[in-house]
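Coordinates as given in upload-v7.pdb (PDB, C-alpha atoms):
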ATOM      1  CA  GLU A 303     139.977  82.522 135.941  1.00  0.00           C
ATOM      2  CA  VAL A 304     140.573  86.033 134.670  1.00  0.00           C
ATOM      3  CA  GLN A 305     138.895  86.781 131.356  1.00  0.00           C
ATOM      4  CA  LEU A 306     138.792  89.862 129.157  1.00  0.00           C
ATOM      5  CA  VAL A 307     136.896  89.687 125.874  1.00  0.00           C
ATOM      6  CA  GLU A 308     136.790  92.491 123.355  1.00  0.00           C
ATOM      7  CA  THR A 309     133.980  92.888 120.838  1.00  0.00           C
ATOM      8  CA  GLY A 310     132.825  95.488 118.366  1.00  0.00           C
ATOM      9  CA  GLY A 311     135.601  95.517 115.808  1.00  0.00           C
ATOM     10  CA  GLY A 312     135.055  95.434 112.079  1.00  0.00           C
ATOM     11  CA  LEU A 313     135.456  97.237 108.779  1.00  0.00           C
ATOM     12  CA  VAL A 314     134.559 100.922 108.833  1.00  0.00           C
ATOM     13  CA  GLN A 315     134.989 103.821 106.424  1.00  0.00           C
ATOM     14  CA  PRO A 316     137.247 106.761 107.236  1.00  0.00           C
ATOM     15  CA  GLY A 317     135.450 109.419 109.253  1.00  0.00           C
ATOM     16  CA  LYS A 318     132.974 106.975 110.745  1.00  0.00           C
ATOM     17  CA  SER A 319     132.598 105.760 114.318  1.00  0.00           C
ATOM     18  CA  LEU A 320     132.909 102.460 116.153  1.00  0.00           C
ATOM     19  CA  LYS A 321     132.472 101.439 119.774  1.00  0.00           C
ATOM     20  CA  LEU A 322     134.489  98.641 121.319  1.00  0.00           C
ATOM     21  CA  THR A 323     133.409  96.751 124.421  1.00  0.00           C
ATOM     22  CA  CYS A 324     135.570  94.729 126.799  1.00  0.00           C
ATOM     23  CA  ALA A 325     133.697  92.395 129.112  1.00  0.00           C
ATOM     24  CA  THR A 326     135.691  91.088 132.048  1.00  0.00           C
ATOM     25  CA  SER A 327     135.416  88.536 134.817  1.00  0.00           C
ATOM     26  CA  GLY A 328     137.545  86.776 137.398  1.00  0.00           C
ATOM     27  CA  PHE A 329     139.006  89.804 139.154  1.00  0.00           C
ATOM     28  CA  THR A 330     137.862  92.851 141.100  1.00  0.00           C
ATOM     29  CA  PHE A 331     137.013  95.068 138.163  1.00  0.00           C
ATOM     30  CA  SER A 332     135.815  98.001 140.242  1.00  0.00           C
ATOM     31  CA  THR A 333     139.301  98.710 141.610  1.00  0.00           C
ATOM     32  CA  ALA A 334     141.230  97.965 138.419  1.00  0.00           C
ATOM     33  CA  TRP A 335     142.726 100.594 136.143  1.00  0.00           C
ATOM     34  CA  MET A 336     141.789  99.591 132.640  1.00  0.00           C
ATOM     35  CA  HIS A 337     143.649 100.289 129.415  1.00  0.00           C
ATOM     36  CA  TRP A 338     143.255  99.963 125.673  1.00  0.00           C
ATOM     37  CA  VAL A 339     146.353  99.080 123.652  1.00  0.00           C
ATOM     38  CA  ARG A 340     146.416  98.606 119.899  1.00  0.00           C
ATOM     39  CA  GLN A 341     148.757  96.667 117.648  1.00  0.00           C
ATOM     40  CA  SER A 342     149.349  97.794 114.109  1.00  0.00           C
ATOM     41  CA  PRO A 343     149.622  95.331 111.213  1.00  0.00           C
ATOM     42  CA  GLU A 344     153.395  95.833 111.537  1.00  0.00           C
ATOM     43  CA  LYS A 345     153.120  94.468 115.117  1.00  0.00           C
ATOM     44  CA  ARG A 346     153.919  97.737 116.846  1.00  0.00           C
ATOM     45  CA  LEU A 347     152.194  98.076 120.242  1.00  0.00           C
ATOM     46  CA  GLU A 348     150.691 101.449 121.114  1.00  0.00           C
ATOM     47  CA  TRP A 349     148.987 102.347 124.380  1.00  0.00           C
ATOM     48  CA  ILE A 350     146.009 104.544 123.613  1.00  0.00           C
ATOM     49  CA  ALA A 351     143.869 105.092 126.701  1.00  0.00           C
ATOM     50  CA  ARG A 352     143.489 104.462 130.416  1.00  0.00           C
ATOM     51  CA  ILE A 353     140.668 104.884 132.905  1.00  0.00           C
ATOM     52  CA  LYS A 354     141.251 104.778 136.643  1.00  0.00           C
ATOM     53  CA  ASP A 355     138.838 103.446 139.273  1.00  0.00           C
ATOM     54  CA  LYS A 356     136.124 105.250 141.231  1.00  0.00           C
ATOM     55  CA  SER A 357     138.458 106.172 144.091  1.00  0.00           C
ATOM     56  CA  ASN A 358     140.521 108.048 141.519  1.00  0.00           C
ATOM     57  CA  ASN A 359     137.465 109.729 140.053  1.00  0.00           C
ATOM     58  CA  TYR A 360     137.536 107.584 136.916  1.00  0.00           C
ATOM     59  CA  ALA A 361     140.330 109.788 135.580  1.00  0.00           C
ATOM     60  CA  THR A 362     141.151 109.222 131.923  1.00  0.00           C
ATOM     61  CA  ASP A 363     144.221 109.779 129.810  1.00  0.00           C
ATOM     62  CA  TYR A 364     144.991 109.286 126.107  1.00  0.00           C
ATOM     63  CA  VAL A 365     147.858 109.143 123.695  1.00  0.00           C
ATOM     64  CA  GLU A 366     148.109 112.351 121.705  1.00  0.00           C
ATOM     65  CA  SER A 367     147.144 110.736 118.395  1.00  0.00           C
ATOM     66  CA  VAL A 368     143.623 109.862 119.602  1.00  0.00           C
ATOM     67  CA  LYS A 369     142.846 112.786 121.912  1.00  0.00           C
ATOM     68  CA  GLY A 370     139.562 114.410 120.981  1.00  0.00           C
ATOM     69  CA  ARG A 371     138.531 111.426 118.835  1.00  0.00           C
ATOM     70  CA  PHE A 372     138.472 108.451 121.240  1.00  0.00           C
ATOM     71  CA  THR A 373     136.717 108.187 124.601  1.00  0.00           C
ATOM     72  CA  ILE A 374     137.310 105.491 127.192  1.00  0.00           C
ATOM     73  CA  SER A 375     134.578 104.736 129.727  1.00  0.00           C
ATOM     74  CA  ARG A 376     133.573 101.979 132.122  1.00  0.00           C
ATOM     75  CA  ASP A 377     130.550 100.442 133.790  1.00  0.00           C
ATOM     76  CA  ASP A 378     131.534  98.836 137.063  1.00  0.00           C
ATOM     77  CA  SER A 379     128.085  97.222 137.388  1.00  0.00           C
ATOM     78  CA  LYS A 380     128.826  95.266 134.195  1.00  0.00           C
ATOM     79  CA  SER A 381     132.583  94.832 134.745  1.00  0.00           C
ATOM     80  CA  SER A 382     133.062  96.326 131.320  1.00  0.00           C
ATOM     81  CA  VAL A 383     135.183  98.987 129.705  1.00  0.00           C
ATOM     82  CA  TYR A 384     134.452 100.728 126.429  1.00  0.00           C
ATOM     83  CA  LEU A 385     136.259 102.630 123.719  1.00  0.00           C
ATOM     84  CA  GLN A 386     134.238 105.027 121.603  1.00  0.00           C
ATOM     85  CA  MET A 387     136.165 105.811 118.443  1.00  0.00           C
ATOM     86  CA  ASN A 388     135.071 108.725 116.301  1.00  0.00           C
ATOM     87  CA  SER A 389     136.487 110.308 113.147  1.00  0.00           C
ATOM     88  CA  LEU A 390     138.369 107.135 112.370  1.00  0.00           C
ATOM     89  CA  LYS A 391     141.417 107.304 110.123  1.00  0.00           C
ATOM     90  CA  GLU A 392     143.155 104.636 108.080  1.00  0.00           C
ATOM     91  CA  GLU A 393     146.063 104.751 110.525  1.00  0.00           C
ATOM     92  CA  ASP A 394     143.694 103.569 113.273  1.00  0.00           C
ATOM     93  CA  THR A 395     143.652 100.161 111.594  1.00  0.00           C
ATOM     94  CA  ALA A 396     144.885  97.726 114.227  1.00  0.00           C
ATOM     95  CA  THR A 397     143.985  94.978 116.627  1.00  0.00           C
ATOM     96  CA  TYR A 398     142.636  96.556 119.811  1.00  0.00           C
ATOM     97  CA  TYR A 399     143.348  94.963 123.165  1.00  0.00           C
ATOM     98  CA  CYS A 400     141.753  95.584 126.518  1.00  0.00           C
ATOM     99  CA  THR A 401     144.262  95.062 129.311  1.00  0.00           C
ATOM    100  CA  THR A 402     145.150  95.552 132.945  1.00  0.00           C
ATOM    101  CA  PHE A 403     148.752  95.006 131.856  1.00  0.00           C
ATOM    102  CA  ASP A 404     148.720  91.830 133.915  1.00  0.00           C
ATOM    103  CA  PHE A 405     146.047  90.293 131.730  1.00  0.00           C
ATOM    104  CA  TRP A 406     145.088  90.893 128.112  1.00  0.00           C
ATOM    105  CA  GLY A 407     142.053  90.023 126.045  1.00  0.00           C
ATOM    106  CA  PRO A 408     142.366  88.219 122.695  1.00  0.00           C
ATOM    107  CA  GLY A 409     141.784  91.489 120.853  1.00  0.00           C
ATOM    108  CA  THR A 410     139.343  92.744 118.253  1.00  0.00           C
ATOM    109  CA  MET A 411     140.401  93.867 114.817  1.00  0.00           C
ATOM    110  CA  VAL A 412     139.464  97.265 113.440  1.00  0.00           C
ATOM    111  CA  THR A 413     139.997  98.042 109.765  1.00  0.00           C
ATOM    112  CA  VAL A 414     139.478 101.584 108.532  1.00  0.00           C
ATOM    113  CA  SER A 415     139.232 101.656 104.765  1.00  0.00           C
ATOM    114  CA  SER A 416     137.070 103.064 102.030  1.00  0.00           C
TER     115      SER A 416
ATOM    116  CA  ASP B  29     157.538 110.506 125.522  1.00  0.00           C
ATOM    117  CA  ILE B  30     159.813 107.760 126.827  1.00  0.00           C
ATOM    118  CA  VAL B  31     161.386 105.821 123.946  1.00  0.00           C
ATOM    119  CA  MET B  32     162.044 102.123 124.474  1.00  0.00           C
ATOM    120  CA  THR B  33     164.754 100.693 122.231  1.00  0.00           C
ATOM    121  CA  GLN B  34     165.051  96.925 121.917  1.00  0.00           C
ATOM    122  CA  ALA B  35     167.822  94.798 120.481  1.00  0.00           C
ATOM    123  CA  PRO B  36     168.269  92.619 118.587  1.00  0.00           C
ATOM    124  CA  LEU B  37     165.417  92.727 116.091  1.00  0.00           C
ATOM    125  CA  SER B  38     165.469  88.951 115.922  1.00  0.00           C
ATOM    126  CA  VAL B  39     167.347  86.085 117.493  1.00  0.00           C
ATOM    127  CA  SER B  40     167.661  82.441 116.476  1.00  0.00           C
ATOM    128  CA  VAL B  41     168.395  80.011 119.298  1.00  0.00           C
ATOM    129  CA  THR B  42     169.185  76.318 119.537  1.00  0.00           C
ATOM    130  CA  PRO B  43     166.911  74.514 122.007  1.00  0.00           C
ATOM    131  CA  GLY B  44     168.596  74.218 125.380  1.00  0.00           C
ATOM    132  CA  GLU B  45     170.776  77.281 124.876  1.00  0.00           C
ATOM    133  CA  SER B  46     170.253  80.733 126.399  1.00  0.00           C
ATOM    134  CA  ALA B  47     169.070  83.977 124.860  1.00  0.00           C
ATOM    135  CA  SER B  48     169.218  87.582 126.019  1.00  0.00           C
ATOM    136  CA  ILE B  49     167.171  90.538 124.842  1.00  0.00           C
ATOM    137  CA  SER B  50     168.105  94.106 125.639  1.00  0.00           C
ATOM    138  CA  CYS B  51     165.911  97.129 126.166  1.00  0.00           C
ATOM    139  CA  ARG B  52     166.998 100.697 126.766  1.00  0.00           C
ATOM    140  CA  SER B  53     164.776 103.555 127.902  1.00  0.00           C
ATOM    141  CA  SER B  54     165.337 107.207 127.053  1.00  0.00           C
ATOM    142  CA  LYS B  55     164.616 108.153 130.654  1.00  0.00           C
ATOM    143  CA  SER B  56     165.111 106.531 134.037  1.00  0.00           C
ATOM    144  CA  LEU B  57     162.269 104.157 134.872  1.00  0.00           C
ATOM    145  CA  LEU B  58     163.122 104.208 138.580  1.00  0.00           C
ATOM    146  CA  HIS B  59     160.273 105.751 140.546  1.00  0.00           C
ATOM    147  CA  SER B  60     160.841 107.562 143.818  1.00  0.00           C
ATOM    148  CA  ASN B  61     159.166 104.606 145.525  1.00  0.00           C
ATOM    149  CA  GLY B  62     162.130 102.442 144.561  1.00  0.00           C
ATOM    150  CA  ILE B  63     160.270 100.457 141.894  1.00  0.00           C
ATOM    151  CA  THR B  64     161.552 100.284 138.337  1.00  0.00           C
ATOM    152  CA  TYR B  65     158.568 100.214 136.007  1.00  0.00           C
ATOM    153  CA  VAL B  66     159.766  98.068 133.133  1.00  0.00           C
ATOM    154  CA  TYR B  67     157.719  95.086 132.034  1.00  0.00           C
ATOM    155  CA  TRP B  68     158.387  92.234 129.609  1.00  0.00           C
ATOM    156  CA  TYR B  69     155.795  90.485 127.472  1.00  0.00           C
ATOM    157  CA  LEU B  70     155.775  87.553 125.075  1.00  0.00           C
ATOM    158  CA  GLN B  71     153.361  87.431 122.190  1.00  0.00           C
ATOM    159  CA  LYS B  72     153.125  83.913 120.867  1.00  0.00           C
ATOM    160  CA  PRO B  73     151.985  83.471 117.263  1.00  0.00           C
ATOM    161  CA  GLY B  74     148.288  84.297 116.904  1.00  0.00           C
ATOM    162  CA  LYS B  75     147.898  85.202 120.573  1.00  0.00           C
ATOM    163  CA  SER B  76     147.746  88.342 122.666  1.00  0.00           C
ATOM    164  CA  PRO B  77     150.743  89.480 124.737  1.00  0.00           C
ATOM    165  CA  GLN B  78     151.307  87.679 128.009  1.00  0.00           C
ATOM    166  CA  LEU B  79     153.127  89.099 131.007  1.00  0.00           C
ATOM    167  CA  LEU B  80     156.501  87.537 131.775  1.00  0.00           C
ATOM    168  CA  ILE B  81     158.282  89.987 134.070  1.00  0.00           C
ATOM    169  CA  TYR B  82     156.926  92.955 135.996  1.00  0.00           C
ATOM    170  CA  ARG B  83     158.766  95.777 137.742  1.00  0.00           C
ATOM    171  CA  MET B  84     162.043  94.798 136.094  1.00  0.00           C
ATOM    172  CA  SER B  85     162.772  91.534 137.878  1.00  0.00           C
ATOM    173  CA  ASN B  86     159.606  89.923 139.218  1.00  0.00           C
ATOM    174  CA  LEU B  87     158.418  86.725 137.579  1.00  0.00           C
ATOM    175  CA  ALA B  88     154.721  86.750 136.695  1.00  0.00           C
ATOM    176  CA  SER B  89     152.506  83.978 137.980  1.00  0.00           C
ATOM    177  CA  GLY B  90     152.795  80.742 136.024  1.00  0.00           C
ATOM    178  CA  VAL B  91     155.888  81.836 134.092  1.00  0.00           C
ATOM    179  CA  PRO B  92     158.752  79.301 134.121  1.00  0.00           C
ATOM    180  CA  ASP B  93     161.806  80.329 136.131  1.00  0.00           C
ATOM    181  CA  ARG B  94     163.860  79.966 132.946  1.00  0.00           C
ATOM    182  CA  PHE B  95     162.857  83.598 132.411  1.00  0.00           C
ATOM    183  CA  SER B  96     164.531  86.357 134.380  1.00  0.00           C
ATOM    184  CA  GLY B  97     164.729  90.129 134.220  1.00  0.00           C
ATOM    185  CA  SER B  98     167.437  92.480 135.367  1.00  0.00           C
ATOM    186  CA  GLY B  99     168.810  95.943 134.772  1.00  0.00           C
ATOM    187  CA  SER B 100     169.527  99.421 135.957  1.00  0.00           C
ATOM    188  CA  GLU B 101     167.515 102.628 135.687  1.00  0.00           C
ATOM    189  CA  THR B 102     167.652 102.744 131.887  1.00  0.00           C
ATOM    190  CA  ASP B 103     169.149  99.476 130.646  1.00  0.00           C
ATOM    191  CA  PHE B 104     167.296  96.213 130.988  1.00  0.00           C
ATOM    192  CA  THR B 105     167.777  92.585 130.028  1.00  0.00           C
ATOM    193  CA  LEU B 106     165.448  89.660 129.635  1.00  0.00           C
ATOM    194  CA  LYS B 107     167.266  86.352 129.835  1.00  0.00           C
ATOM    195  CA  ILE B 108     165.808  83.051 128.754  1.00  0.00           C
ATOM    196  CA  SER B 109     167.725  80.027 129.967  1.00  0.00           C
ATOM    197  CA  ARG B 110     167.359  76.622 128.310  1.00  0.00           C
ATOM    198  CA  VAL B 111     165.203  77.890 125.439  1.00  0.00           C
ATOM    199  CA  GLU B 112     162.333  75.608 124.447  1.00  0.00           C
ATOM    200  CA  ALA B 113     160.226  75.430 121.292  1.00  0.00           C
ATOM    201  CA  GLU B 114     157.272  76.995 123.145  1.00  0.00           C
ATOM    202  CA  ASP B 115     159.294  80.196 123.693  1.00  0.00           C
ATOM    203  CA  VAL B 116     158.945  81.309 120.059  1.00  0.00           C
ATOM    204  CA  GLY B 117     157.237  84.612 119.471  1.00  0.00           C
ATOM    205  CA  ILE B 118     157.821  88.330 119.778  1.00  0.00           C
ATOM    206  CA  TYR B 119     159.184  89.746 123.015  1.00  0.00           C
ATOM    207  CA  TYR B 120     158.338  93.311 124.008  1.00  0.00           C
ATOM    208  CA  CYS B 121     159.582  95.535 126.774  1.00  0.00           C
ATOM    209  CA  GLY B 122     157.315  98.286 128.015  1.00  0.00           C
ATOM    210  CA  GLN B 123     157.462 101.153 130.470  1.00  0.00           C
ATOM    211  CA  LEU B 124     154.577 101.744 132.850  1.00  0.00           C
ATOM    212  CA  LEU B 125     156.156 104.673 134.662  1.00  0.00           C
ATOM    213  CA  GLU B 126     154.364 107.528 132.957  1.00  0.00           C
ATOM    214  CA  ASN B 127     151.843 108.290 130.265  1.00  0.00           C
ATOM    215  CA  PRO B 128     151.959 107.777 127.416  1.00  0.00           C
ATOM    216  CA  LEU B 129     152.964 104.224 128.254  1.00  0.00           C
ATOM    217  CA  THR B 130     155.331 102.997 125.575  1.00  0.00           C
ATOM    218  CA  PHE B 131     156.741  99.756 124.227  1.00  0.00           C
ATOM    219  CA  GLY B 132     159.809  98.607 122.410  1.00  0.00           C
ATOM    220  CA  SER B 133     159.499  97.521 118.809  1.00  0.00           C
ATOM    221  CA  GLY B 134     159.846  93.855 119.679  1.00  0.00           C
ATOM    222  CA  THR B 135     162.371  91.049 119.322  1.00  0.00           C
ATOM    223  CA  LYS B 136     161.392  87.961 117.384  1.00  0.00           C
ATOM    224  CA  LEU B 137     162.730  84.718 118.816  1.00  0.00           C
ATOM    225  CA  GLU B 138     163.017  81.749 116.511  1.00  0.00           C
ATOM    226  CA  ILE B 139     164.233  78.224 117.086  1.00  0.00           C
ATOM    227  CA  LYS B 140     167.115  76.883 115.008  1.00  0.00           C
TER     228      LYS B 140
END
Rendering of file as structure tokens:
Amino acid sequence: EVQLVETGGGLVQPGKSLKLTCATSGFTFSTAWMHWVRQSPEKRLEWIARIKDKSNNYATDYVESVKGRFTISRDDSKSSVYLQMNSLKEEDTATYYCTTFDFWGPGTMVTVSS
Amino acid sequence: DIVMTQAPLSVSVTPGESASISCRSSKSLLHSNGITYVYWYLQKPGKSPQLLIYRMSNLASGVPDRFSGSGSETDFTLKISRVEAEDVGIYYCGQLLENPLTFGSGTKLEIK
């Protein structure tokens, strides 16, 4: 059974940092391209980052609104993908999903507020 | 960025009847490899999105064949035949052709 489980969300002040973790199992993680997608409180879905596999040099890409602030990374030995979020803004408040686009985790909620 | 425009915003359906949801992209989603990279997802209340249709017309594993996808290079339709109570939720189309990957704003399906 494929599983993706996100952790690390919570309440954080503007300007602070947070790191999300997505632990996976049930599929060949090492060859999967992994993504982070967030959903605003208004239910809008926004793709924010992707990391390719080793054969594609772990290439990363980001939506413009998070470039320079967020970093996606992976550890194939742990079948996990991460999202380091720095300089958080109130508009980053959302539920963050880890996904292969075939499968999605249950999400972790991030609230940025003073 | 490719804009995905969905309609209607919401739809109310009697159980057993059909429903159609439209999605239009601002650019052709047909790749040179012949694949059209439009996907459909259903987000049931309190859950994460689940894949229904991939590459415009392919039914995802475990999805009832009451769901079907069709379209052209820029206009796409998700059809749900014989709607059931378990089909309630928000339906999203998304394009996986090029970054940034983008989604429609969603269509909420309710049961009458």
Excluding region 61-66 of chain B and its own-chain neighbours fewer than 5 positions away, which residues fall within 7 Å of it when counting all atoms listed in the file? Please give them as a VMD selection string. chain B and resid 82 to 84 101 121 to 125
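Around the coordinate (155.0, 87.7, 115.5), residues that reach within 8 Å when counting all atoms listed in the file are A:Lys345, B:Gln71, B:Lys72, B:Pro73, B:Gly74, B:Gly117, B:Ile118, B:Lys136.
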With C-alpha atoms kept, could you save the residues just selected as a PDB file, in the coordinates of the input?
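That gives us result.pdb:
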ATOM      1  CA  LYS A 345     153.120  94.468 115.117  1.00  0.00           C
TER       2      LYS A 345
ATOM      3  CA  GLN B  71     153.361  87.431 122.190  1.00  0.00           C
ATOM      4  CA  LYS B  72     153.125  83.913 120.867  1.00  0.00           C
ATOM      5  CA  PRO B  73     151.985  83.471 117.263  1.00  0.00           C
ATOM      6  CA  GLY B  74     148.288  84.297 116.904  1.00  0.00           C
ATOM      7  CA  GLY B 117     157.237  84.612 119.471  1.00  0.00           C
ATOM      8  CA  ILE B 118     157.821  88.330 119.778  1.00  0.00           C
ATOM      9  CA  LYS B 136     161.392  87.961 117.384  1.00  0.00           C
TER      10      LYS B 136
END
Extract, using all atoms listed in the file, all DNA, RNA and protein residues at most 8 Å from Leu347 (chain A), discarding same-chain residues fewer than 2 positions from it, and format them as number ranges by chain. A: 339-342, 345, 349; B: 130-133
Correct to one decimal, the distance CA of Asp355 (chain A)-CA of Glu393 (chain A) is 29.7 Å
Closest pair table for chain A residues within 6 Å of chain B, all atoms listed in the file, as a tab-separated table:
residue	atom	partner	partner_atom	distance
A:Arg346	CA	B:Ser133	CA	5.9
A:Trp349	CA	B:Leu129	CA	5.9
A:Val365	CA	B:Pro128	CA	5.7
A:Asp404	CA	B:Leu79	CA	5.9
A:Pro408	CA	B:Ser76	CA	5.4
Applying the PyMOL selection byres ((chain A and resi 395) around 10) to the file I just gave you, which residues come out? Please list them as a short mmCIF file (atom, residue, chain, number, x, y, z; two decimals) with C-alpha atoms, in the coordinates of the input.
data_model
loop_
_atom_site.label_atom_id
_atom_site.label_comp_id
_atom_site.auth_asym_id
_atom_site.auth_seq_id
_atom_site.Cartn_x
_atom_site.Cartn_y
_atom_site.Cartn_z
CA GLY A 312 135.06 95.43 112.08
CA LEU A 313 135.46 97.24 108.78
CA VAL A 314 134.56 100.92 108.83
CA ARG A 340 146.42 98.61 119.90
CA GLN A 341 148.76 96.67 117.65
CA SER A 342 149.35 97.79 114.11
CA PRO A 343 149.62 95.33 111.21
CA LEU A 390 138.37 107.14 112.37
CA LYS A 391 141.42 107.30 110.12
CA GLU A 392 143.16 104.64 108.08
CA GLU A 393 146.06 104.75 110.52
CA ASP A 394 143.69 103.57 113.27
CA ALA A 396 144.88 97.73 114.23
CA THR A 397 143.99 94.98 116.63
CA TYR A 398 142.64 96.56 119.81
CA MET A 411 140.40 93.87 114.82
CA VAL A 412 139.46 97.26 113.44
CA THR A 413 140.00 98.04 109.76
CA VAL A 414 139.48 101.58 108.53
CA SER A 415 139.23 101.66 104.76
#
Using the chain letters and numbers from the file, which residues does the PyMOL selection byres ((chain A and resi 359) around 12) grab, as a tab-separated table (two decimals) with C-alpha atoms, keeping the file's coordinate frame?
chain	number	residue	atom	x	y	z
A	332	SER	CA	135.82	98.00	140.24
A	333	THR	CA	139.30	98.71	141.61
A	335	TRP	CA	142.73	100.59	136.14
A	353	ILE	CA	140.67	104.88	132.90
A	354	LYS	CA	141.25	104.78	136.64
A	355	ASP	CA	138.84	103.45	139.27
A	356	LYS	CA	136.12	105.25	141.23
A	357	SER	CA	138.46	106.17	144.09
A	358	ASN	CA	140.52	108.05	141.52
A	360	TYR	CA	137.54	107.58	136.92
A	361	ALA	CA	140.33	109.79	135.58
A	362	THR	CA	141.15	109.22	131.92
A	375	SER	CA	134.58	104.74	129.73
A	376	ARG	CA	133.57	101.98	132.12
Considering all atoms listed in the file, state which residue in the set B:Met32, B:Leu70, B:Leu87, B:Leu106 is at the smallest distance from Ser46 (chain B). B:Leu106
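Put simply, CA of Leu137 (chain B) is 13.1 Å away from CA of Ser109 (chain B).
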Using all atoms listed in the file, which protein or nucleic acid residues come within 7 Å of Ser319 (chain A)? Drop anything in the same chain fewer than 4 positions from it, and give the result as number ranges by chain. A: 387-390
Would you compute the distance between CA of Cys400 (chain A) and CA of Trp338 (chain A)? Give it in Å to one decimal.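 Interatomic distance here is 4.7 Å.
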Close residues, Ala113 (chain B) itself excluded, 9 Å, only C-alpha atoms, min 4 positions apart in chain, as a PDB file with C-alpha atoms, in the frame of the given file:
ATOM      1  CA  PRO B  43     166.911  74.514 122.007  1.00  0.00           C
ATOM      2  CA  GLU B 138     163.017  81.749 116.511  1.00  0.00           C
ATOM      3  CA  ILE B 139     164.233  78.224 117.086  1.00  0.00           C
TER       4      ILE B 139
END
Using only C-alpha atoms, can you tell me which of A:Asp378, A:Asp363, A:Glu348, A:Glu308 comes closest to Gly409 (chain A)? A:Glu308
Ranking B:Ser50, B:Ser98, B:Asn86, B:Asp93 by minimum distance to Arg110 (chain B) and counting all atoms listed in the file, which one comes first? B:Asp93
